[in-house]
Each structure stands twice: as C-alpha cells, then as structure tokens.
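Trainee: Take a look at this one; I'll ask things after.
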Amino acid sequence: FCPYAQRAWIALNQCGVEYRLEEGMVRSDEITPGALGYQKNPKLLEANPKGLVPTIIQEGQRPVYESLICVEYASDLSKNGKSLLPPHPADRAHARIQADWVNKNICSTFLPVLLKREPEEQLASFQLVQQNLDTLSEMIKGPLYFGDEMSIVDVALFPFLYRIIDV
C-alpha cells in the first residue's frame with residue numbers, strides 16, 4: 001500500500017467521509033485478455049492523467065489528487081465535525097507549512113533509505129531522517145502535532161513514521 005494513498009484513507013476515516021477504495025493497478029488480463037502483469041486502472045487514468053494515487057473521484061465533481069490536497073479535501077467534506085486544519089486562517093496556513101515541511105524533510109529524505117543500494121548511502125540518509133525527526137519532536141505540542149487533535153501534519157507523517165519504525 002502506498003503511503004501517499006494511505007494519507008487519504010486516514011483523512012477520510014478521521015473525518016467520517018464514506019468512500020470506496022479502488023486499486024490504482026489492475027491485472028493486465030482484466031483489461032486485455034491474455035496480457036501479463038499489471039497496469040494502471042483505466043478509471044484512474046481517466047480521472048488523473050498522471051495515474052497517481054490518491055485520486056478522489058466523486059460523481060459530477062472534478063477529480064482531486066495529490067496526497068496533501070486530498071487530505072485537505074477530506075477535511076472539507078467532514079461528516080463528523082472533525083477538521084484536520086485549525087479554525088483560524090493563520091493557524092491553518094501554519095499547519096499547511098508544517099505538513100509541507102514533513103513532506104520535504106521526513107518523507108522525501110526517507111525514500112533514499114529504501115532505494116539506495118550502498119549501505120553507507122542508506123545509513124547517511126537514515127541519519128538525516130533521524131535529525132529531522134529530532135527537529136520535528138521539538139515542535140510537537142502533545143501526543144499529536146497540535147496537542148490532542150489530529151491534524152494535516154499528523155496525517156502527512158503517520159504513513160512514513162510507520163515505515164520508519166518498521167525499518
């Protein structure tokens with residue numbers, strides 16, 4: 001499962017928004033009889049020419065994609081009154097800035113840990129992730145980023161933190 005898609009699932013669940021999960025990749029023989037392997041789901045490609053997940057598709061609406069935008073959209077659709085963004089505009093902007101910081105300094109720096117072939121490169125990447133997690137831990141105001149309420153910052157971090165702990 002994709003950590004970026006997982007962000008959307010977390011947000012949709014937290015905000016009580018009903019959804020139906022569809023796989024972004026389907027077996028090729030489901031599209032072309034006798035074909036081997038996997039390919040992008042045609043419904044996904046129709047909604048999002050990049051073919052990336054998450055993509056939120058609602059009947060009669062424009063598709064929404066890019067993980068943090070999907071998280072904000074889920075918050076806007078909240079059915080249970082929970083928001084992943086603070087109520088004050090300046091605080092909302094700060095939350096977006098911090099979610100972007102997590103994206104650039106935790107998520108993007110973690111991928112080389114998984115993708116680099118040389119152990120020295122993996123270790124250097126992991127040390128950078130550790131430094132950035134130390135910096136983040138100084139910003140956290142409680143069990144979650146802003147205290148007791150889940151926010152876009154937490155949703156941006158959780159799928160990657162899960163994988164970091166698992167490494």
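Scheme for the structure tokens: letters A, B, ... for chains in order shown; per-chain residue numbers from 1; ligand numbers from 1 in order shown.
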Can you list every residue in stretch 64-148 of chain A that DSSP puts in helix (DSSP H, G or I), as a ChimeraX atom specification?
Mentor: /A:67-76,89-115,119-139
Trainee: Please list as a list in words every residue within 6 Å of stretch 70-79 of chain A, counting only C-alpha atoms and excluding residues in the same chain fewer than 4 positions away.
Mentor: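 In the requested form, the answer reads Ala8, Ala11, Leu12, Cys15, Gly16, Val17, Tyr65, Ser83 and Leu84 of chain A.
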Trainee: Between A:Ser151, A:Asn13, A:Asn132, A:Asn41, which residue has the minimum interatomic distance to A:Trp101, considering only C-alpha atoms?
Mentor: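 Nearest candidate to A:Trp101 out of A:Ser151, A:Asn13, A:Asn132, A:Asn41: A:Asn132.
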Trainee: Residues at most 12 Å from A:Pro42, counting only C-alpha atoms, excluding those fewer than 3 positions away in the same chain, as number ranges by chain?
Mentor: A: 22-28, 30-32, 38-39, 45-52
Trainee: What's the separation between atom CA of A:Thr109 and atom CA of A:Leu128, in Å to one decimal place?
Mentor: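 These atoms are spaced 7.0 Å apart.
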Trainee: Do a neighbour search on A:Glu59 at 12 Å with only C-alpha atoms, toss out local chain neighbours closer than 4 positions, and write the hits as a tab-separated table (two decimals) with C-alpha atoms, in the first residue's frame.
Mentor:
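This went into around-v1.tsv:
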```
chain	number	residue	atom	x	y	z
A	19	TYR	CA	-15.60	6.13	0.29
A	47	ALA	CA	-9.54	10.97	-13.71
A	63	PRO	CA	-11.22	14.67	-9.51
A	64	VAL	CA	-8.97	15.64	-6.62
```
Trainee: Can you work out which one of A:Glu18, A:Ala5, A:Gly34, A:Gln98 has the shortest atom-to-atom distance to A:Gln58, counting only C-alpha atoms?
Mentor: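 Result for the nearest residue to A:Gln58: A:Glu18.
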